[in-house]
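Peer 1: Quick one: structure below, then a few questions.
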Amino acid sequence: MPEHYFTERPRAEHRPLEIRENLFGRPFMFVTDAAVFSRRRLDPGTRLLIEHLPLPVTGNALDLGCGYGPVGIVIASLSPEARVWMVDINERAVELAKRNAAANRVANVEVRQGDGFTPVVGIAFSLIASNPPIRAGKRVVYAWVEQAYAHLEPGGRLVMVARTSQGARTLARHMEAVFGNVREIAKGSGYRVIQAVRVPATDAAAGAQGGSIAKPGTE
Ligand SMILES: C[S@@+](CC[C@H](N)C(=O)[O-])C[C@H]1O[C@@H](n2cnc3c(N)ncnc32)[C@H](O)[C@@H]1O
């Protein structure tokens, strides 16, 4: 039985592949492997997300569930002033993300292995971008939305992509409940890109969701 792409320590035999993509008019190369998400091609949801990110950004940005790294590497490449954190639970994905960052000559990245926000606790972000692991279940993905609120600086954005047929609209409703605002910023190929902004006016409403981090930019 094949392993989930979110297995912590995949054992599947290595089957490396190279993916070449032009994104924001720049050439990128990514090595992928067995037991990581979307090994054969850039996932269409990931592409839609990348193409609609508010780039460049400054400060700290996070690619949560980075896989082999396309989202975080493009953010870092387009945002030389930013420090981009990339987190995944899958050790093989983390190794690929590190290797792909080097291959694409982006140095402003920190790639960490771990569960959700655990490796970046205490950091406040201007942007959190994610193609979340819908297959891991609502409990995981909804918790990410709540924790994202707590890890964004005021004015910071959470941008997520999901398949329309796999709950994108209910994910948008959850983002609205947590952030007090939500906007669909792109739609195509059966996916929706959804954005919520941490605005000070929603702080009271979201207080019950886990509060906030004291100082933006601190670790
Ligand atoms: C849909 S894939 C997206 C991967 C990559 N961002 C892309 O777009 O190609 C979701 C990623 O979340 C990771 N993931 C699943 N559960 C996780 C968790 N609890 N903590 C961190 N990462 C997790 C998976 O290993 C997977 O790489």
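Just remember, in the structure tokens the first chain shown is A, the second B, etc., residues are 1-based per chain, and ligands are 1-based in the order shown.
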What are the closest atom pairs, with distances in Å to one decimal, for each residue of chain A lying within 7 Å of ligand 1, using only C-alpha atoms and all ligand atoms, rows by chain and rising residue number, as a tab-separated table?
Peer 2:
```
residue	atom	partner	partner_atom_place_in_ligand_line	distance
A:Tyr5	CA	ligand 1	25 (O)	5.2
A:Phe6	CA	ligand 1	25 (O)	3.4
A:Thr7	CA	ligand 1	25 (O)	6.5
A:Val36	CA	ligand 1	27 (O)	6.2
A:Phe37	CA	ligand 1	2 (S)	5.2
A:Ser38	CA	ligand 1	9 (O)	6.1
A:Leu42	CA	ligand 1	9 (O)	6.5
A:Asp43	CA	ligand 1	9 (O)	6.1
A:Thr46	CA	ligand 1	8 (O)	4.5
A:Asp63	CA	ligand 1	6 (N)	6.9
A:Leu64	CA	ligand 1	22 (N)	6.4
A:Gly65	CA	ligand 1	12 (O)	3.4
A:Cys66	CA	ligand 1	6 (N)	3.8
A:Gly67	CA	ligand 1	27 (O)	3.5
A:Tyr68	CA	ligand 1	5 (C)	6.2
A:Gly69	CA	ligand 1	5 (C)	6.1
A:Pro70	CA	ligand 1	9 (O)	6.1
A:Val71	CA	ligand 1	6 (N)	5.9
A:Val87	CA	ligand 1	21 (C)	5.9
A:Asp88	CA	ligand 1	22 (N)	3.7
A:Ile89	CA	ligand 1	21 (C)	4.1
A:Asn90	CA	ligand 1	25 (O)	4.7
A:Ala93	CA	ligand 1	27 (O)	6.4
A:Gly114	CA	ligand 1	21 (C)	5.8
A:Asp115	CA	ligand 1	20 (N)	3.6
A:Gly116	CA	ligand 1	20 (N)	3.7
A:Ser130	CA	ligand 1	6 (N)	6.2
A:Asn131	CA	ligand 1	3 (C)	4.8
A:Pro132	CA	ligand 1	10 (C)	4.7
A:Pro133	CA	ligand 1	10 (C)	4.0
A:Ile134	CA	ligand 1	1 (C)	6.8
A:Ala136	CA	ligand 1	16 (N)	6.1
A:Val140	CA	ligand 1	19 (N)	6.7
```
Peer 1: Next, the residues of the selection above should be written as a compact mmCIF listing (two decimals), in the first residue's frame with N, CA and C atoms.
Peer 2:
```txt
# COMPACT_ATOMS: atom_id res chain seq x y z
N TYR A 5 1.46 11.02 1.46
CA TYR A 5 2.51 12.02 1.23
C TYR A 5 2.87 12.75 2.52
N PHE A 6 2.05 12.55 3.58
CA PHE A 6 2.40 13.22 4.84
C PHE A 6 2.95 12.24 5.88
N THR A 7 3.47 11.11 5.41
CA THR A 7 4.21 10.19 6.28
C THR A 7 5.45 10.93 6.79
N VAL A 36 6.39 11.96 -1.85
CA VAL A 36 6.12 13.38 -1.59
C VAL A 36 4.94 13.80 -2.47
N PHE A 37 4.28 14.87 -2.06
CA PHE A 37 3.07 15.33 -2.74
C PHE A 37 3.38 15.75 -4.19
N SER A 38 2.54 15.29 -5.12
CA SER A 38 2.59 15.69 -6.53
C SER A 38 3.98 15.55 -7.14
N LEU A 42 4.00 19.97 -11.17
CA LEU A 42 3.55 20.99 -10.23
C LEU A 42 2.03 20.85 -10.12
N ASP A 43 1.54 20.68 -8.90
CA ASP A 43 0.10 20.52 -8.69
C ASP A 43 -0.64 21.76 -9.22
N THR A 46 -1.35 24.23 -6.53
CA THR A 46 -0.13 24.93 -6.12
C THR A 46 0.20 26.04 -7.12
N ASP A 63 5.77 29.10 4.35
CA ASP A 63 5.14 28.10 3.47
C ASP A 63 4.87 26.90 4.36
N LEU A 64 3.61 26.72 4.74
CA LEU A 64 3.25 25.67 5.70
C LEU A 64 2.82 24.42 4.94
N GLY A 65 3.53 23.31 5.16
CA GLY A 65 3.32 22.09 4.38
C GLY A 65 4.00 22.28 3.04
N CYS A 66 5.34 22.49 3.08
CA CYS A 66 6.07 22.98 1.89
C CYS A 66 6.30 21.91 0.85
N GLY A 67 6.18 20.61 1.21
CA GLY A 67 6.50 19.57 0.24
C GLY A 67 7.91 19.74 -0.27
N TYR A 68 8.12 19.57 -1.57
CA TYR A 68 9.47 19.71 -2.14
C TYR A 68 9.85 21.18 -2.33
N GLY A 69 8.93 22.10 -2.00
CA GLY A 69 9.32 23.50 -1.85
C GLY A 69 8.88 24.54 -2.85
N PRO A 70 7.98 24.24 -3.82
CA PRO A 70 7.73 25.24 -4.87
C PRO A 70 7.20 26.58 -4.35
N VAL A 71 6.29 26.55 -3.37
CA VAL A 71 5.67 27.80 -2.92
C VAL A 71 6.71 28.69 -2.23
N VAL A 87 8.06 24.63 6.23
CA VAL A 87 7.89 23.56 7.22
C VAL A 87 7.14 22.40 6.60
N ASP A 88 7.60 21.19 6.88
CA ASP A 88 6.84 20.00 6.49
C ASP A 88 7.12 18.89 7.49
N ILE A 89 6.13 18.02 7.65
CA ILE A 89 6.29 16.89 8.58
C ILE A 89 7.09 15.76 7.93
N ASN A 90 7.10 15.73 6.60
CA ASN A 90 7.71 14.64 5.83
C ASN A 90 9.21 14.93 5.64
N ALA A 93 10.46 15.25 2.10
CA ALA A 93 10.07 16.53 1.49
C ALA A 93 11.00 17.65 1.97
N GLY A 114 8.83 19.27 10.93
CA GLY A 114 8.03 19.26 12.14
C GLY A 114 6.55 19.34 11.84
N ASP A 115 5.78 19.31 12.93
CA ASP A 115 4.32 19.26 12.84
C ASP A 115 3.73 20.67 12.88
N GLY A 116 3.10 21.09 11.81
CA GLY A 116 2.41 22.38 11.77
C GLY A 116 3.32 23.53 12.16
N SER A 130 -0.28 28.37 1.99
CA SER A 130 -0.35 26.93 2.15
C SER A 130 -1.29 26.28 1.14
N ASN A 131 -0.81 25.18 0.61
CA ASN A 131 -1.68 24.21 -0.07
C ASN A 131 -1.82 23.11 0.97
N PRO A 132 -2.85 23.17 1.83
CA PRO A 132 -2.86 22.33 3.03
C PRO A 132 -3.19 20.86 2.71
N PRO A 133 -2.82 19.97 3.64
CA PRO A 133 -3.02 18.53 3.43
C PRO A 133 -4.47 18.13 3.73
N ILE A 134 -5.35 18.39 2.76
CA ILE A 134 -6.78 18.10 2.95
C ILE A 134 -6.98 16.64 3.38
N ALA A 136 -5.25 14.92 5.29
CA ALA A 136 -4.95 14.70 6.72
C ALA A 136 -6.20 14.96 7.56
N VAL A 140 -6.87 18.87 11.19
CA VAL A 140 -5.53 19.42 10.98
C VAL A 140 -5.62 20.77 10.28
```
Peer 1: Leaving out segment 186-190 of chain A and any residue of its chain fewer than 4 positions from it, which residues lie within 9 Å of it when counting only C-alpha atoms, given as a list of chain:residue names?
Peer 2: A:Pro44, A:Gly45, A:Leu48, A:Leu49, A:His52, A:Ala162, A:Arg163, A:Thr164, A:Ser165, A:Ile194
Peer 1: May I have the residues from that selection written out with C-alpha atoms, as a PDB file, in the first residue's frame?
Peer 2:
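So again18.pdb came out as:
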```
ATOM      1  CA  PRO A  44      -2.474  22.755 -10.474  1.00  0.00           C
ATOM      2  CA  GLY A  45      -3.692  24.071  -7.097  1.00  0.00           C
ATOM      3  CA  LEU A  48      -2.853  28.773  -8.937  1.00  0.00           C
ATOM      4  CA  LEU A  49      -1.745  29.644  -5.388  1.00  0.00           C
ATOM      5  CA  HIS A  52      -1.885  34.772  -7.000  1.00  0.00           C
ATOM      6  CA  ALA A 162      -8.129  23.950  -1.950  1.00  0.00           C
ATOM      7  CA  ARG A 163     -10.126  21.973  -4.455  1.00  0.00           C
ATOM      8  CA  THR A 164     -13.715  23.145  -4.789  1.00  0.00           C
ATOM      9  CA  SER A 165     -14.801  19.493  -4.564  1.00  0.00           C
ATOM     10  CA  ILE A 194      -8.717  32.011  -0.489  1.00  0.00           C
TER      11      ILE A 194
END
```
Peer 1: Which residue is closest to Glu8 of chain A? Choose from A:Ala34, A:Arg92, A:Ala150, A:Phe117 and count only C-alpha atoms.
Peer 2: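 Nearest to Glu8 of chain A: A:Arg92.
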Peer 1: I'd like the neighbourhood of segment 19-27 of chain A as a compact mmCIF listing (two decimals) with N, CA and C atoms, in the first residue's frame, where a residue qualifies if any of its atoms comes within 9 Å (using only C-alpha atoms), though same-chain residues fewer than 3 positions away should be ignored.
Peer 2:
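Final output, part-v5.txt:
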```txt
# COMPACT_ATOMS: atom_id res chain seq x y z
N PHE A 30 12.77 21.85 -9.88
CA PHE A 30 12.51 21.18 -8.61
C PHE A 30 12.76 19.68 -8.77
N VAL A 31 13.51 19.11 -7.84
CA VAL A 31 13.64 17.65 -7.79
C VAL A 31 12.54 17.14 -6.87
N THR A 32 11.84 16.11 -7.31
CA THR A 32 10.79 15.48 -6.49
C THR A 32 11.18 14.01 -6.29
N ARG A 39 4.45 14.35 -7.14
CA ARG A 39 5.81 14.06 -7.58
C ARG A 39 6.04 14.30 -9.08
N ARG A 40 4.98 14.10 -9.89
CA ARG A 40 5.19 14.11 -11.34
C ARG A 40 5.10 15.48 -11.99
N ARG A 41 4.35 16.39 -11.35
CA ARG A 41 4.17 17.71 -11.96
C ARG A 41 3.78 18.70 -10.88
N LEU A 42 4.00 19.97 -11.17
CA LEU A 42 3.55 20.99 -10.23
C LEU A 42 2.03 20.85 -10.12
N ARG A 47 0.06 25.73 -8.41
CA ARG A 47 0.34 26.74 -9.44
C ARG A 47 -0.58 27.95 -9.28
N ILE A 50 0.51 29.97 -6.24
CA ILE A 50 1.75 30.74 -6.49
C ILE A 50 1.43 31.96 -7.35
N GLU A 51 0.66 31.74 -8.42
CA GLU A 51 0.41 32.83 -9.36
C GLU A 51 -0.39 33.97 -8.74
N VAL A 74 9.52 30.07 -4.57
CA VAL A 74 9.10 31.19 -5.42
C VAL A 74 8.93 32.46 -4.58
N LEU A 78 11.23 35.82 -5.32
CA LEU A 78 10.61 37.10 -5.69
C LEU A 78 10.71 38.14 -4.56
N ASN A 104 17.94 26.44 -6.83
CA ASN A 104 17.34 27.64 -7.41
C ASN A 104 17.98 28.92 -6.87
```
Peer 1: Run DSSP on the backbone of this structure and report the residues of segment 79-153 of chain A it assigns to helix (DSSP H, G or I), as JSON, numbers by chain.
Peer 2: {"A": [91, 92, 93, 94, 95, 96, 97, 98, 99, 100, 101, 102, 103, 118, 119, 120, 134, 135, 136, 138, 139, 140, 141, 142, 143, 144, 145, 146, 147, 148, 149, 150, 151]}
Peer 1: Could you list, as a PyMOL selection string, every residue within 9 Å of segment 56-60 of chain A, counting only C-alpha atoms and ignoring same-chain residues fewer than 3 positions away?
Peer 2: chain A and resi 53+75-85+123-128+216-217
Peer 1: Hey, can you check how far atom CA of Val120 of chain A sits from atom CA of Ala61 of chain A?
Peer 2: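 Computing it gives 10.8 Å between the two atoms.
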Peer 1: Could you please determine the separation between atom CA of Arg198 of chain A and atom CA of Val178 of chain A in Å, to one decimal place?
Peer 2: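 That distance, rounded to one decimal, is 9.4 Å.
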Peer 1: So, counting only C-alpha atoms, which residue among A:Ile185, A:Ile73, A:Leu152, A:Ala35 is closest to Arg105 of chain A?
Peer 2: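 That would be A:Ile73, the residue with the smallest distance to Arg105 of chain A.
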Peer 1: Contacts of Ala103 of chain A at 10 Å or less, counting only C-alpha atoms, minus same-chain residues fewer than 4 places along, as a list in words?
Peer 2: Phe28, Met29, Phe30, Val31, Ala97, Lys98 and Arg99 of chain A
Peer 1: Please produce an output containing C-alpha atoms for each residue in the selection, written as a PDB file, in the first residue's frame.
Peer 2:
```
ATOM      1  CA  PHE A  28      12.649  27.116 -11.665  1.00  0.00           C
ATOM      2  CA  MET A  29      13.812  23.504 -11.309  1.00  0.00           C
ATOM      3  CA  PHE A  30      12.514  21.175  -8.611  1.00  0.00           C
ATOM      4  CA  VAL A  31      13.636  17.652  -7.792  1.00  0.00           C
ATOM      5  CA  ALA A  97      13.031  21.525  -0.228  1.00  0.00           C
ATOM      6  CA  LYS A  98      16.532  22.292   1.086  1.00  0.00           C
ATOM      7  CA  ARG A  99      18.145  20.874  -2.021  1.00  0.00           C
TER       8      ARG A  99
END
```
Peer 1: Restricting the calculation to only C-alpha atoms: of A:His14, A:Arg157, A:Arg112, A:Lys138, which residue gets closest to Pro54 of chain A?
Peer 2: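 Of A:His14, A:Arg157, A:Arg112, A:Lys138, the one nearest Pro54 of chain A, counting only C-alpha atoms, is A:Arg157.
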Peer 1: Report, in Å with one decimal, the straight-line distance from atom CA of Trp144 of chain A to atom CA of Glu95 of chain A.
Peer 2: 22.6 Å
